[in-house]
file my_file15.txt (compact mmCIF, N, CA and C atoms)
# COMPACT_ATOMS: atom_id res chain seq x y z
N MET A 1 8.16 -76.01 -25.00
CA MET A 1 9.42 -76.69 -25.29
C MET A 1 9.26 -78.21 -25.09
N SER A 2 9.96 -78.93 -25.89
CA SER A 2 9.90 -80.39 -25.77
C SER A 2 10.84 -80.84 -24.66
N ASP A 3 10.91 -82.15 -24.46
CA ASP A 3 11.81 -82.69 -23.44
C ASP A 3 13.27 -82.62 -23.88
N VAL A 4 13.50 -82.46 -25.17
CA VAL A 4 14.86 -82.38 -25.69
C VAL A 4 15.34 -80.93 -25.57
N THR A 5 16.49 -80.74 -24.95
CA THR A 5 17.05 -79.40 -24.81
C THR A 5 17.55 -78.92 -26.17
N LYS A 6 17.06 -77.75 -26.59
CA LYS A 6 17.44 -77.19 -27.88
C LYS A 6 18.50 -76.11 -27.66
N ILE A 7 19.64 -76.29 -28.33
CA ILE A 7 20.79 -75.41 -28.16
C ILE A 7 21.05 -74.65 -29.46
N LEU A 8 21.29 -73.34 -29.32
CA LEU A 8 21.79 -72.56 -30.45
C LEU A 8 23.27 -72.30 -30.21
N THR A 9 24.11 -72.81 -31.12
CA THR A 9 25.54 -72.54 -31.02
C THR A 9 25.88 -71.42 -32.00
N VAL A 10 26.74 -70.50 -31.56
CA VAL A 10 27.11 -69.35 -32.38
C VAL A 10 28.63 -69.29 -32.43
N ASP A 11 29.19 -69.56 -33.61
CA ASP A 11 30.65 -69.56 -33.78
C ASP A 11 30.96 -69.35 -35.25
N ASP A 12 31.94 -68.49 -35.53
CA ASP A 12 32.28 -68.20 -36.92
C ASP A 12 33.14 -69.29 -37.56
N SER A 13 33.65 -70.21 -36.76
CA SER A 13 34.48 -71.29 -37.29
C SER A 13 33.61 -72.49 -37.68
N ALA A 14 33.64 -72.85 -38.96
CA ALA A 14 32.86 -74.00 -39.44
C ALA A 14 33.30 -75.27 -38.74
N SER A 15 34.60 -75.42 -38.50
CA SER A 15 35.08 -76.65 -37.84
C SER A 15 34.61 -76.70 -36.39
N MET A 16 34.57 -75.55 -35.70
CA MET A 16 34.08 -75.54 -34.32
C MET A 16 32.58 -75.83 -34.29
N ARG A 17 31.83 -75.29 -35.24
CA ARG A 17 30.40 -75.60 -35.30
C ARG A 17 30.19 -77.10 -35.51
N ALA A 18 31.01 -77.70 -36.37
CA ALA A 18 30.90 -79.14 -36.62
C ALA A 18 31.23 -79.93 -35.35
N LEU A 19 32.26 -79.52 -34.62
CA LEU A 19 32.62 -80.20 -33.37
C LEU A 19 31.49 -80.09 -32.35
N LEU A 20 30.92 -78.89 -32.23
CA LEU A 20 29.82 -78.69 -31.29
C LEU A 20 28.60 -79.51 -31.68
N LEU A 21 28.27 -79.51 -32.95
CA LEU A 21 27.12 -80.27 -33.43
C LEU A 21 27.29 -81.74 -33.07
N HIS A 22 28.45 -82.29 -33.37
CA HIS A 22 28.73 -83.70 -33.10
C HIS A 22 28.69 -83.99 -31.59
N ALA A 23 29.41 -83.18 -30.81
CA ALA A 23 29.51 -83.43 -29.36
C ALA A 23 28.16 -83.31 -28.68
N LEU A 24 27.39 -82.28 -29.03
CA LEU A 24 26.12 -82.05 -28.35
C LEU A 24 25.01 -82.98 -28.85
N SER A 25 25.01 -83.29 -30.15
CA SER A 25 24.03 -84.23 -30.68
C SER A 25 24.22 -85.61 -30.06
N ASP A 26 25.49 -86.00 -29.90
CA ASP A 26 25.79 -87.30 -29.28
C ASP A 26 25.27 -87.38 -27.85
N GLN A 27 25.12 -86.23 -27.20
CA GLN A 27 24.63 -86.19 -25.82
C GLN A 27 23.10 -86.08 -25.77
N GLY A 28 22.45 -86.12 -26.95
CA GLY A 28 21.00 -86.10 -26.99
C GLY A 28 20.36 -84.73 -27.10
N PHE A 29 21.17 -83.71 -27.36
CA PHE A 29 20.63 -82.36 -27.50
C PHE A 29 20.26 -82.08 -28.96
N ALA A 30 19.28 -81.21 -29.15
CA ALA A 30 18.94 -80.72 -30.49
C ALA A 30 19.79 -79.47 -30.72
N VAL A 31 20.50 -79.41 -31.83
CA VAL A 31 21.45 -78.32 -32.06
C VAL A 31 21.10 -77.53 -33.31
N GLU A 32 21.03 -76.22 -33.16
CA GLU A 32 20.91 -75.28 -34.27
C GLU A 32 22.17 -74.44 -34.26
N GLN A 33 22.54 -73.88 -35.43
CA GLN A 33 23.80 -73.17 -35.49
C GLN A 33 23.70 -71.84 -36.24
N ALA A 34 24.53 -70.89 -35.81
CA ALA A 34 24.65 -69.59 -36.47
C ALA A 34 26.14 -69.25 -36.54
N GLU A 35 26.53 -68.51 -37.60
CA GLU A 35 27.96 -68.24 -37.77
C GLU A 35 28.43 -66.95 -37.13
N ASP A 36 27.52 -66.12 -36.63
CA ASP A 36 27.91 -64.93 -35.87
C ASP A 36 26.69 -64.38 -35.15
N GLY A 37 26.89 -63.29 -34.41
CA GLY A 37 25.81 -62.74 -33.61
C GLY A 37 24.62 -62.27 -34.42
N ILE A 38 24.87 -61.67 -35.58
CA ILE A 38 23.77 -61.19 -36.43
C ILE A 38 22.93 -62.38 -36.91
N ALA A 39 23.60 -63.43 -37.38
CA ALA A 39 22.88 -64.63 -37.84
C ALA A 39 22.08 -65.24 -36.69
N ALA A 40 22.65 -65.21 -35.47
CA ALA A 40 21.94 -65.76 -34.30
C ALA A 40 20.68 -64.95 -34.02
N LEU A 41 20.79 -63.62 -34.05
CA LEU A 41 19.63 -62.78 -33.79
C LEU A 41 18.55 -62.99 -34.85
N GLU A 42 18.98 -63.13 -36.10
CA GLU A 42 18.02 -63.37 -37.19
C GLU A 42 17.31 -64.70 -36.98
N TRP A 43 18.06 -65.73 -36.59
CA TRP A 43 17.46 -67.04 -36.36
C TRP A 43 16.47 -66.98 -35.20
N LEU A 44 16.85 -66.25 -34.15
CA LEU A 44 16.01 -66.17 -32.95
C LEU A 44 14.73 -65.37 -33.17
N GLU A 45 14.67 -64.58 -34.22
CA GLU A 45 13.45 -63.82 -34.51
C GLU A 45 12.27 -64.75 -34.79
N SER A 46 12.54 -65.92 -35.37
CA SER A 46 11.44 -66.82 -35.73
C SER A 46 11.62 -68.23 -35.16
N ASN A 47 12.58 -68.41 -34.27
CA ASN A 47 12.83 -69.71 -33.66
C ASN A 47 13.07 -69.53 -32.17
N ASP A 48 13.17 -70.64 -31.47
CA ASP A 48 13.42 -70.58 -30.04
C ASP A 48 14.43 -71.65 -29.64
N CYS A 49 15.04 -71.45 -28.48
CA CYS A 49 15.98 -72.44 -27.96
C CYS A 49 15.98 -72.35 -26.45
N ASP A 50 16.56 -73.37 -25.81
CA ASP A 50 16.63 -73.41 -24.35
C ASP A 50 17.89 -72.76 -23.81
N ILE A 51 18.94 -72.76 -24.62
CA ILE A 51 20.24 -72.24 -24.20
C ILE A 51 21.03 -71.80 -25.43
N ILE A 52 21.88 -70.81 -25.23
CA ILE A 52 22.73 -70.31 -26.32
C ILE A 52 24.17 -70.50 -25.89
N ILE A 53 24.98 -71.05 -26.78
CA ILE A 53 26.42 -71.18 -26.55
C ILE A 53 27.10 -70.33 -27.62
N THR A 54 27.85 -69.32 -27.18
CA THR A 54 28.45 -68.40 -28.15
C THR A 54 29.95 -68.22 -27.96
N ASP A 55 30.61 -68.03 -29.09
CA ASP A 55 32.01 -67.63 -29.12
C ASP A 55 32.05 -66.13 -28.82
N ILE A 56 33.22 -65.60 -28.55
CA ILE A 56 33.37 -64.15 -28.35
C ILE A 56 33.82 -63.47 -29.63
N ASN A 57 34.92 -63.93 -30.20
CA ASN A 57 35.53 -63.26 -31.36
C ASN A 57 34.88 -63.73 -32.65
N MET A 58 33.98 -62.87 -33.20
CA MET A 58 33.28 -63.18 -34.45
C MET A 58 33.10 -61.89 -35.23
N PRO A 59 32.98 -62.00 -36.56
CA PRO A 59 32.72 -60.80 -37.37
C PRO A 59 31.27 -60.33 -37.19
N ARG A 60 30.97 -59.17 -37.70
CA ARG A 60 29.64 -58.54 -37.70
C ARG A 60 29.14 -58.22 -36.31
N LEU A 61 28.92 -59.21 -35.46
CA LEU A 61 28.49 -58.97 -34.07
C LEU A 61 29.16 -60.02 -33.21
N ASP A 62 30.04 -59.57 -32.30
CA ASP A 62 30.77 -60.53 -31.47
C ASP A 62 29.91 -61.05 -30.32
N GLY A 63 30.47 -61.96 -29.55
CA GLY A 63 29.72 -62.58 -28.46
C GLY A 63 29.26 -61.60 -27.40
N PHE A 64 30.11 -60.60 -27.07
CA PHE A 64 29.70 -59.60 -26.09
C PHE A 64 28.48 -58.84 -26.59
N GLY A 65 28.52 -58.42 -27.86
CA GLY A 65 27.39 -57.69 -28.44
C GLY A 65 26.13 -58.53 -28.48
N LEU A 66 26.29 -59.80 -28.82
CA LEU A 66 25.14 -60.72 -28.86
C LEU A 66 24.51 -60.84 -27.47
N ILE A 67 25.34 -61.06 -26.47
CA ILE A 67 24.82 -61.22 -25.10
C ILE A 67 24.10 -59.94 -24.67
N GLU A 68 24.72 -58.79 -24.95
CA GLU A 68 24.10 -57.51 -24.57
C GLU A 68 22.75 -57.32 -25.25
N ARG A 69 22.65 -57.69 -26.53
CA ARG A 69 21.38 -57.55 -27.26
C ARG A 69 20.33 -58.50 -26.68
N LEU A 70 20.74 -59.74 -26.37
CA LEU A 70 19.80 -60.72 -25.84
C LEU A 70 19.33 -60.36 -24.44
N ARG A 71 20.20 -59.72 -23.67
CA ARG A 71 19.87 -59.36 -22.28
C ARG A 71 19.24 -57.97 -22.18
N GLY A 72 19.10 -57.29 -23.31
CA GLY A 72 18.58 -55.92 -23.31
C GLY A 72 17.16 -55.82 -22.79
N PRO A 73 16.72 -54.59 -22.55
CA PRO A 73 15.36 -54.36 -22.01
C PRO A 73 14.29 -55.00 -22.91
N GLY A 74 13.39 -55.70 -22.27
CA GLY A 74 12.28 -56.29 -23.00
C GLY A 74 12.65 -57.49 -23.85
N GLY A 75 13.90 -57.94 -23.76
CA GLY A 75 14.34 -59.07 -24.57
C GLY A 75 13.69 -60.37 -24.15
N ARG A 76 13.32 -61.17 -25.15
CA ARG A 76 12.73 -62.49 -24.88
C ARG A 76 13.72 -63.41 -24.18
N TYR A 77 15.01 -63.10 -24.32
CA TYR A 77 16.05 -64.01 -23.84
C TYR A 77 16.77 -63.50 -22.60
N ARG A 78 16.11 -62.60 -21.87
CA ARG A 78 16.75 -62.03 -20.69
C ARG A 78 17.10 -63.09 -19.66
N ASP A 79 16.28 -64.14 -19.56
CA ASP A 79 16.51 -65.16 -18.54
C ASP A 79 17.05 -66.47 -19.10
N ARG A 80 17.31 -66.52 -20.40
CA ARG A 80 17.80 -67.74 -21.04
C ARG A 80 19.29 -67.93 -20.72
N PRO A 81 19.71 -69.15 -20.37
CA PRO A 81 21.14 -69.36 -20.12
C PRO A 81 21.98 -69.10 -21.37
N ILE A 82 23.10 -68.42 -21.17
CA ILE A 82 24.06 -68.18 -22.26
C ILE A 82 25.43 -68.59 -21.77
N LEU A 83 26.01 -69.59 -22.43
CA LEU A 83 27.37 -70.02 -22.12
C LEU A 83 28.31 -69.45 -23.16
N VAL A 84 29.45 -68.94 -22.69
CA VAL A 84 30.48 -68.44 -23.59
C VAL A 84 31.50 -69.57 -23.78
N LEU A 85 31.78 -69.90 -25.02
CA LEU A 85 32.76 -70.94 -25.35
C LEU A 85 33.81 -70.28 -26.23
N THR A 86 35.02 -70.09 -25.70
CA THR A 86 36.01 -69.28 -26.39
C THR A 86 37.42 -69.70 -26.05
N THR A 87 38.37 -69.26 -26.86
CA THR A 87 39.79 -69.47 -26.54
C THR A 87 40.27 -68.43 -25.54
N GLU A 88 39.50 -67.38 -25.36
CA GLU A 88 39.86 -66.32 -24.41
C GLU A 88 39.75 -66.84 -22.99
N SER A 89 40.71 -66.47 -22.15
CA SER A 89 40.62 -66.92 -20.76
C SER A 89 41.00 -65.81 -19.77
N SER A 90 41.13 -64.58 -20.24
CA SER A 90 41.53 -63.49 -19.34
C SER A 90 40.39 -63.15 -18.38
N ASP A 91 40.76 -62.78 -17.16
CA ASP A 91 39.77 -62.39 -16.16
C ASP A 91 38.97 -61.18 -16.63
N GLU A 92 39.62 -60.28 -17.36
CA GLU A 92 38.96 -59.08 -17.86
C GLU A 92 37.82 -59.46 -18.82
N LYS A 93 38.10 -60.40 -19.74
CA LYS A 93 37.06 -60.82 -20.70
C LYS A 93 35.94 -61.57 -19.98
N LYS A 94 36.31 -62.40 -19.00
CA LYS A 94 35.28 -63.13 -18.24
C LYS A 94 34.38 -62.14 -17.49
N ALA A 95 35.01 -61.13 -16.89
CA ALA A 95 34.24 -60.13 -16.15
C ALA A 95 33.32 -59.37 -17.11
N ARG A 96 33.82 -59.04 -18.30
CA ARG A 96 33.00 -58.33 -19.28
C ARG A 96 31.81 -59.19 -19.71
N ALA A 97 32.05 -60.48 -19.92
CA ALA A 97 30.96 -61.39 -20.32
C ALA A 97 29.93 -61.51 -19.20
N ARG A 98 30.40 -61.62 -17.96
CA ARG A 98 29.49 -61.69 -16.81
C ARG A 98 28.66 -60.41 -16.72
N ALA A 99 29.33 -59.28 -16.90
CA ALA A 99 28.64 -57.99 -16.82
C ALA A 99 27.58 -57.88 -17.91
N ALA A 100 27.86 -58.45 -19.08
CA ALA A 100 26.90 -58.42 -20.19
C ALA A 100 25.72 -59.35 -19.93
N GLY A 101 25.93 -60.36 -19.07
CA GLY A 101 24.84 -61.28 -18.74
C GLY A 101 25.10 -62.74 -19.02
N ALA A 102 26.35 -63.10 -19.30
CA ALA A 102 26.66 -64.51 -19.57
C ALA A 102 26.42 -65.35 -18.31
N THR A 103 25.92 -66.56 -18.51
CA THR A 103 25.64 -67.48 -17.42
C THR A 103 26.91 -68.21 -16.99
N GLY A 104 27.77 -68.56 -17.97
CA GLY A 104 28.97 -69.32 -17.67
C GLY A 104 30.01 -69.15 -18.76
N TRP A 105 31.20 -69.70 -18.53
CA TRP A 105 32.36 -69.52 -19.40
C TRP A 105 33.08 -70.85 -19.54
N ILE A 106 33.32 -71.28 -20.77
CA ILE A 106 34.04 -72.52 -21.02
C ILE A 106 35.15 -72.21 -22.02
N VAL A 107 36.37 -72.67 -21.71
CA VAL A 107 37.52 -72.38 -22.57
C VAL A 107 37.71 -73.51 -23.57
N LYS A 108 37.94 -73.13 -24.84
CA LYS A 108 38.28 -74.11 -25.89
C LYS A 108 39.74 -74.50 -25.71
N PRO A 109 40.14 -75.70 -26.10
CA PRO A 109 39.27 -76.76 -26.58
C PRO A 109 38.42 -77.30 -25.44
N PHE A 110 37.20 -77.69 -25.75
CA PHE A 110 36.27 -78.13 -24.72
C PHE A 110 36.25 -79.64 -24.60
N ASP A 111 35.88 -80.11 -23.42
CA ASP A 111 35.66 -81.53 -23.17
C ASP A 111 34.16 -81.76 -23.38
N PRO A 112 33.77 -82.62 -24.34
CA PRO A 112 32.35 -82.82 -24.63
C PRO A 112 31.50 -83.18 -23.41
N GLU A 113 32.04 -84.02 -22.52
CA GLU A 113 31.29 -84.43 -21.32
C GLU A 113 31.07 -83.24 -20.40
N LYS A 114 32.12 -82.40 -20.22
CA LYS A 114 31.99 -81.24 -19.34
C LYS A 114 31.05 -80.21 -19.94
N LEU A 115 31.09 -80.06 -21.25
CA LEU A 115 30.18 -79.11 -21.91
C LEU A 115 28.74 -79.57 -21.73
N ALA A 116 28.49 -80.85 -21.94
CA ALA A 116 27.13 -81.40 -21.77
C ALA A 116 26.67 -81.24 -20.32
N ALA A 117 27.58 -81.46 -19.38
CA ALA A 117 27.24 -81.30 -17.96
C ALA A 117 26.89 -79.85 -17.65
N ALA A 118 27.64 -78.92 -18.24
CA ALA A 118 27.37 -77.49 -18.02
C ALA A 118 26.01 -77.12 -18.60
N VAL A 119 25.69 -77.63 -19.78
CA VAL A 119 24.38 -77.36 -20.40
C VAL A 119 23.27 -77.88 -19.50
N ARG A 120 23.42 -79.10 -19.01
CA ARG A 120 22.39 -79.67 -18.14
C ARG A 120 22.25 -78.87 -16.84
N ARG A 121 23.37 -78.43 -16.30
CA ARG A 121 23.36 -77.70 -15.04
C ARG A 121 22.58 -76.38 -15.17
N VAL A 122 22.75 -75.68 -16.27
CA VAL A 122 22.09 -74.36 -16.39
C VAL A 122 20.68 -74.43 -17.00
N THR A 123 20.28 -75.60 -17.52
CA THR A 123 18.94 -75.69 -18.12
C THR A 123 17.97 -76.48 -17.26
N HIS A 124 18.42 -77.06 -16.16
CA HIS A 124 17.50 -77.85 -15.31
C HIS A 124 17.46 -77.34 -13.90

call {"tool": "encode", "arguments": {"input": "my_file15.txt", "output": "structure tokens"}}
result
Amino acid sequence: MSDVTKILTVDDSASMRALLLHALSDQGFAVEQAEDGIAALEWLESNDCDIIITDINMPRLDGFGLIERLRGPGGRYRDRPILVLTTESSDEKKARARAAGATGWIVKPFDPEKLAAAVRRVTH
């Protein structure tokens, strides 16, 4: 890995992906994007990243399913930080994400500085 932290953002909203790209690129991160869990898994088959930031509510494969697949037995990404970035804020959903293996939880709308700080905290 290079000195630049490489982030994969996973969100079905094009506008949210654009916001994440802008906010994280401005903080000096390299950003790759996927529109749902299936696209993220396909991208990860031939690419790598330092951290994954995923939404929960997405078509095809939601954030919980993505986290479970990444944390599964023998997974390359068992120890990779995964932040959940979502409008959901219920304790039940947070507990489910933690149980699946999420590293942290950030509620939308996000503060770019706090998001960047969270990324740095879990990758260093």

call {"tool": "closest_atom_pairs", "arguments": {"input": "my_file15.txt", "of": "range 62-110 of chain A", "to": "range 22-44 of chain A", "cutoff": "8 Å", "atoms": "all atoms listed in the file", "output": "JSON lines"}}
result
{"residue": "A:Asp62", "atom": "N", "partner": "A:Gly37", "partner_atom": "N", "distance": 5.3}
{"residue": "A:Gly63", "atom": "N", "partner": "A:Gly37", "partner_atom": "N", "distance": 6.2}
{"residue": "A:Gly65", "atom": "C", "partner": "A:Gly37", "partner_atom": "CA", "distance": 6.6}
{"residue": "A:Leu66", "atom": "CA", "partner": "A:Gly37", "partner_atom": "CA", "distance": 5.2}
{"residue": "A:Ile67", "atom": "N", "partner": "A:Gly37", "partner_atom": "CA", "distance": 7.4}

call {"tool": "select_by_dssp", "arguments": {"input": "my_file15.txt", "residues": "range 84-119 of chain A", "states": "strand (DSSP E or B)", "output": "VMD selection string"}}
result
chain A and resid 84 to 86 104 to 107

call {"tool": "atom_distance", "arguments": {"input": "my_file15.txt", "atom1": "atom N of Thr5 in chain A", "atom2": "atom C of Asp79 in chain A"}}
result
15.4 Å

call {"tool": "atom_distance", "arguments": {"input": "my_file15.txt", "atom1": "CA of Met16 in chain A", "atom2": "CA of Pro81 in chain A"}}
result
20.2 Å

call {"tool": "select_by_dssp", "arguments": {"input": "my_file15.txt", "residues": "chain A", "states": "alpha helix (DSSP H)", "output": "PyMOL selection string"}}
result
chain A and resi 14-26+37-46+63-71+91-100+112-123

call {"tool": "atom_distance", "arguments": {"input": "my_file15.txt", "atom1": "CA of Ser90 in chain A", "atom2": "CA of Asp55 in chain A"}}
result
14.3 Å

call {"tool": "build_atoms", "arguments": {"input": "my_file15.txt", "residues": "range 59-85 of chain A", "atoms": "N, CA, C and O atoms", "output": "PDB file, in the frame of the given file"}}
result
ATOM      1  N   PRO A  59      32.980 -62.000 -36.560  1.00  0.00           N
ATOM      2  CA  PRO A  59      32.720 -60.800 -37.370  1.00  0.00           C
ATOM      3  C   PRO A  59      31.270 -60.330 -37.190  1.00  0.00           C
ATOM      4  O   PRO A  59      30.454 -61.047 -36.610  1.00  0.00           O
ATOM      5  N   ARG A  60      30.970 -59.170 -37.700  1.00  0.00           N
ATOM      6  CA  ARG A  60      29.640 -58.540 -37.700  1.00  0.00           C
ATOM      7  C   ARG A  60      29.140 -58.220 -36.310  1.00  0.00           C
ATOM      8  O   ARG A  60      28.916 -57.066 -36.000  1.00  0.00           O
ATOM      9  N   LEU A  61      28.920 -59.210 -35.460  1.00  0.00           N
ATOM     10  CA  LEU A  61      28.490 -58.970 -34.070  1.00  0.00           C
ATOM     11  C   LEU A  61      29.160 -60.020 -33.210  1.00  0.00           C
ATOM     12  O   LEU A  61      28.906 -61.213 -33.371  1.00  0.00           O
ATOM     13  N   ASP A  62      30.040 -59.570 -32.300  1.00  0.00           N
ATOM     14  CA  ASP A  62      30.770 -60.530 -31.470  1.00  0.00           C
ATOM     15  C   ASP A  62      29.910 -61.050 -30.320  1.00  0.00           C
ATOM     16  O   ASP A  62      28.751 -60.639 -30.154  1.00  0.00           O
ATOM     17  N   GLY A  63      30.470 -61.960 -29.550  1.00  0.00           N
ATOM     18  CA  GLY A  63      29.720 -62.580 -28.460  1.00  0.00           C
ATOM     19  C   GLY A  63      29.260 -61.600 -27.400  1.00  0.00           C
ATOM     20  O   GLY A  63      28.156 -61.706 -26.877  1.00  0.00           O
ATOM     21  N   PHE A  64      30.110 -60.600 -27.070  1.00  0.00           N
ATOM     22  CA  PHE A  64      29.700 -59.600 -26.090  1.00  0.00           C
ATOM     23  C   PHE A  64      28.480 -58.840 -26.590  1.00  0.00           C
ATOM     24  O   PHE A  64      27.513 -58.636 -25.860  1.00  0.00           O
ATOM     25  N   GLY A  65      28.520 -58.420 -27.860  1.00  0.00           N
ATOM     26  CA  GLY A  65      27.390 -57.690 -28.440  1.00  0.00           C
ATOM     27  C   GLY A  65      26.130 -58.530 -28.480  1.00  0.00           C
ATOM     28  O   GLY A  65      25.033 -58.041 -28.191  1.00  0.00           O
ATOM     29  N   LEU A  66      26.290 -59.800 -28.820  1.00  0.00           N
ATOM     30  CA  LEU A  66      25.140 -60.720 -28.860  1.00  0.00           C
ATOM     31  C   LEU A  66      24.510 -60.840 -27.470  1.00  0.00           C
ATOM     32  O   LEU A  66      23.299 -60.722 -27.318  1.00  0.00           O
ATOM     33  N   ILE A  67      25.340 -61.060 -26.470  1.00  0.00           N
ATOM     34  CA  ILE A  67      24.820 -61.220 -25.100  1.00  0.00           C
ATOM     35  C   ILE A  67      24.100 -59.940 -24.670  1.00  0.00           C
ATOM     36  O   ILE A  67      23.005 -59.979 -24.114  1.00  0.00           O
ATOM     37  N   GLU A  68      24.720 -58.790 -24.950  1.00  0.00           N
ATOM     38  CA  GLU A  68      24.100 -57.510 -24.570  1.00  0.00           C
ATOM     39  C   GLU A  68      22.750 -57.320 -25.250  1.00  0.00           C
ATOM     40  O   GLU A  68      21.787 -56.880 -24.617  1.00  0.00           O
ATOM     41  N   ARG A  69      22.650 -57.690 -26.530  1.00  0.00           N
ATOM     42  CA  ARG A  69      21.380 -57.550 -27.260  1.00  0.00           C
ATOM     43  C   ARG A  69      20.330 -58.500 -26.680  1.00  0.00           C
ATOM     44  O   ARG A  69      19.171 -58.137 -26.528  1.00  0.00           O
ATOM     45  N   LEU A  70      20.740 -59.740 -26.370  1.00  0.00           N
ATOM     46  CA  LEU A  70      19.800 -60.720 -25.840  1.00  0.00           C
ATOM     47  C   LEU A  70      19.330 -60.360 -24.440  1.00  0.00           C
ATOM     48  O   LEU A  70      18.199 -60.657 -24.058  1.00  0.00           O
ATOM     49  N   ARG A  71      20.200 -59.720 -23.670  1.00  0.00           N
ATOM     50  CA  ARG A  71      19.870 -59.360 -22.280  1.00  0.00           C
ATOM     51  C   ARG A  71      19.240 -57.970 -22.180  1.00  0.00           C
ATOM     52  O   ARG A  71      18.885 -57.532 -21.100  1.00  0.00           O
ATOM     53  N   GLY A  72      19.100 -57.290 -23.310  1.00  0.00           N
ATOM     54  CA  GLY A  72      18.580 -55.920 -23.310  1.00  0.00           C
ATOM     55  C   GLY A  72      17.160 -55.820 -22.790  1.00  0.00           C
ATOM     56  O   GLY A  72      16.461 -56.829 -22.629  1.00  0.00           O
ATOM     57  N   PRO A  73      16.720 -54.590 -22.550  1.00  0.00           N
ATOM     58  CA  PRO A  73      15.360 -54.360 -22.010  1.00  0.00           C
ATOM     59  C   PRO A  73      14.290 -55.000 -22.910  1.00  0.00           C
ATOM     60  O   PRO A  73      14.339 -54.849 -24.118  1.00  0.00           O
ATOM     61  N   GLY A  74      13.390 -55.700 -22.270  1.00  0.00           N
ATOM     62  CA  GLY A  74      12.280 -56.290 -23.000  1.00  0.00           C
ATOM     63  C   GLY A  74      12.650 -57.490 -23.850  1.00  0.00           C
ATOM     64  O   GLY A  74      11.828 -58.021 -24.585  1.00  0.00           O
ATOM     65  N   GLY A  75      13.900 -57.940 -23.760  1.00  0.00           N
ATOM     66  CA  GLY A  75      14.340 -59.070 -24.570  1.00  0.00           C
ATOM     67  C   GLY A  75      13.690 -60.370 -24.150  1.00  0.00           C
ATOM     68  O   GLY A  75      13.501 -60.627 -22.953  1.00  0.00           O
ATOM     69  N   ARG A  76      13.320 -61.170 -25.150  1.00  0.00           N
ATOM     70  CA  ARG A  76      12.730 -62.490 -24.880  1.00  0.00           C
ATOM     71  C   ARG A  76      13.720 -63.410 -24.180  1.00  0.00           C
ATOM     72  O   ARG A  76      13.347 -64.401 -23.583  1.00  0.00           O
ATOM     73  N   TYR A  77      15.010 -63.100 -24.320  1.00  0.00           N
ATOM     74  CA  TYR A  77      16.050 -64.010 -23.840  1.00  0.00           C
ATOM     75  C   TYR A  77      16.770 -63.500 -22.600  1.00  0.00           C
ATOM     76  O   TYR A  77      17.858 -63.935 -22.298  1.00  0.00           O
ATOM     77  N   ARG A  78      16.110 -62.600 -21.870  1.00  0.00           N
ATOM     78  CA  ARG A  78      16.750 -62.030 -20.690  1.00  0.00           C
ATOM     79  C   ARG A  78      17.100 -63.090 -19.660  1.00  0.00           C
ATOM     80  O   ARG A  78      18.099 -62.959 -18.963  1.00  0.00           O
ATOM     81  N   ASP A  79      16.280 -64.140 -19.560  1.00  0.00           N
ATOM     82  CA  ASP A  79      16.510 -65.160 -18.540  1.00  0.00           C
ATOM     83  C   ASP A  79      17.050 -66.470 -19.100  1.00  0.00           C
ATOM     84  O   ASP A  79      17.195 -67.444 -18.373  1.00  0.00           O
ATOM     85  N   ARG A  80      17.310 -66.520 -20.400  1.00  0.00           N
ATOM     86  CA  ARG A  80      17.800 -67.740 -21.040  1.00  0.00           C
ATOM     87  C   ARG A  80      19.290 -67.930 -20.720  1.00  0.00           C
ATOM     88  O   ARG A  80      20.051 -66.980 -20.787  1.00  0.00           O
ATOM     89  N   PRO A  81      19.710 -69.150 -20.370  1.00  0.00           N
ATOM     90  CA  PRO A  81      21.140 -69.360 -20.120  1.00  0.00           C
ATOM     91  C   PRO A  81      21.980 -69.100 -21.370  1.00  0.00           C
ATOM     92  O   PRO A  81      21.600 -69.493 -22.476  1.00  0.00           O
ATOM     93  N   ILE A  82      23.100 -68.420 -21.170  1.00  0.00           N
ATOM     94  CA  ILE A  82      24.060 -68.180 -22.260  1.00  0.00           C
ATOM     95  C   ILE A  82      25.430 -68.590 -21.770  1.00  0.00           C
ATOM     96  O   ILE A  82      25.947 -68.028 -20.794  1.00  0.00           O
ATOM     97  N   LEU A  83      26.010 -69.590 -22.430  1.00  0.00           N
ATOM     98  CA  LEU A  83      27.370 -70.020 -22.120  1.00  0.00           C
ATOM     99  C   LEU A  83      28.310 -69.450 -23.160  1.00  0.00           C
ATOM    100  O   LEU A  83      28.016 -69.473 -24.355  1.00  0.00           O
ATOM    101  N   VAL A  84      29.450 -68.940 -22.690  1.00  0.00           N
ATOM    102  CA  VAL A  84      30.480 -68.440 -23.590  1.00  0.00           C
ATOM    103  C   VAL A  84      31.500 -69.570 -23.780  1.00  0.00           C
ATOM    104  O   VAL A  84      31.981 -70.141 -22.801  1.00  0.00           O
ATOM    105  N   LEU A  85      31.780 -69.900 -25.020  1.00  0.00           N
ATOM    106  CA  LEU A  85      32.760 -70.940 -25.350  1.00  0.00           C
ATOM    107  C   LEU A  85      33.810 -70.280 -26.230  1.00  0.00           C
ATOM    108  O   LEU A  85      33.530 -69.910 -27.376  1.00  0.00           O
TER     109      LEU A  85
END
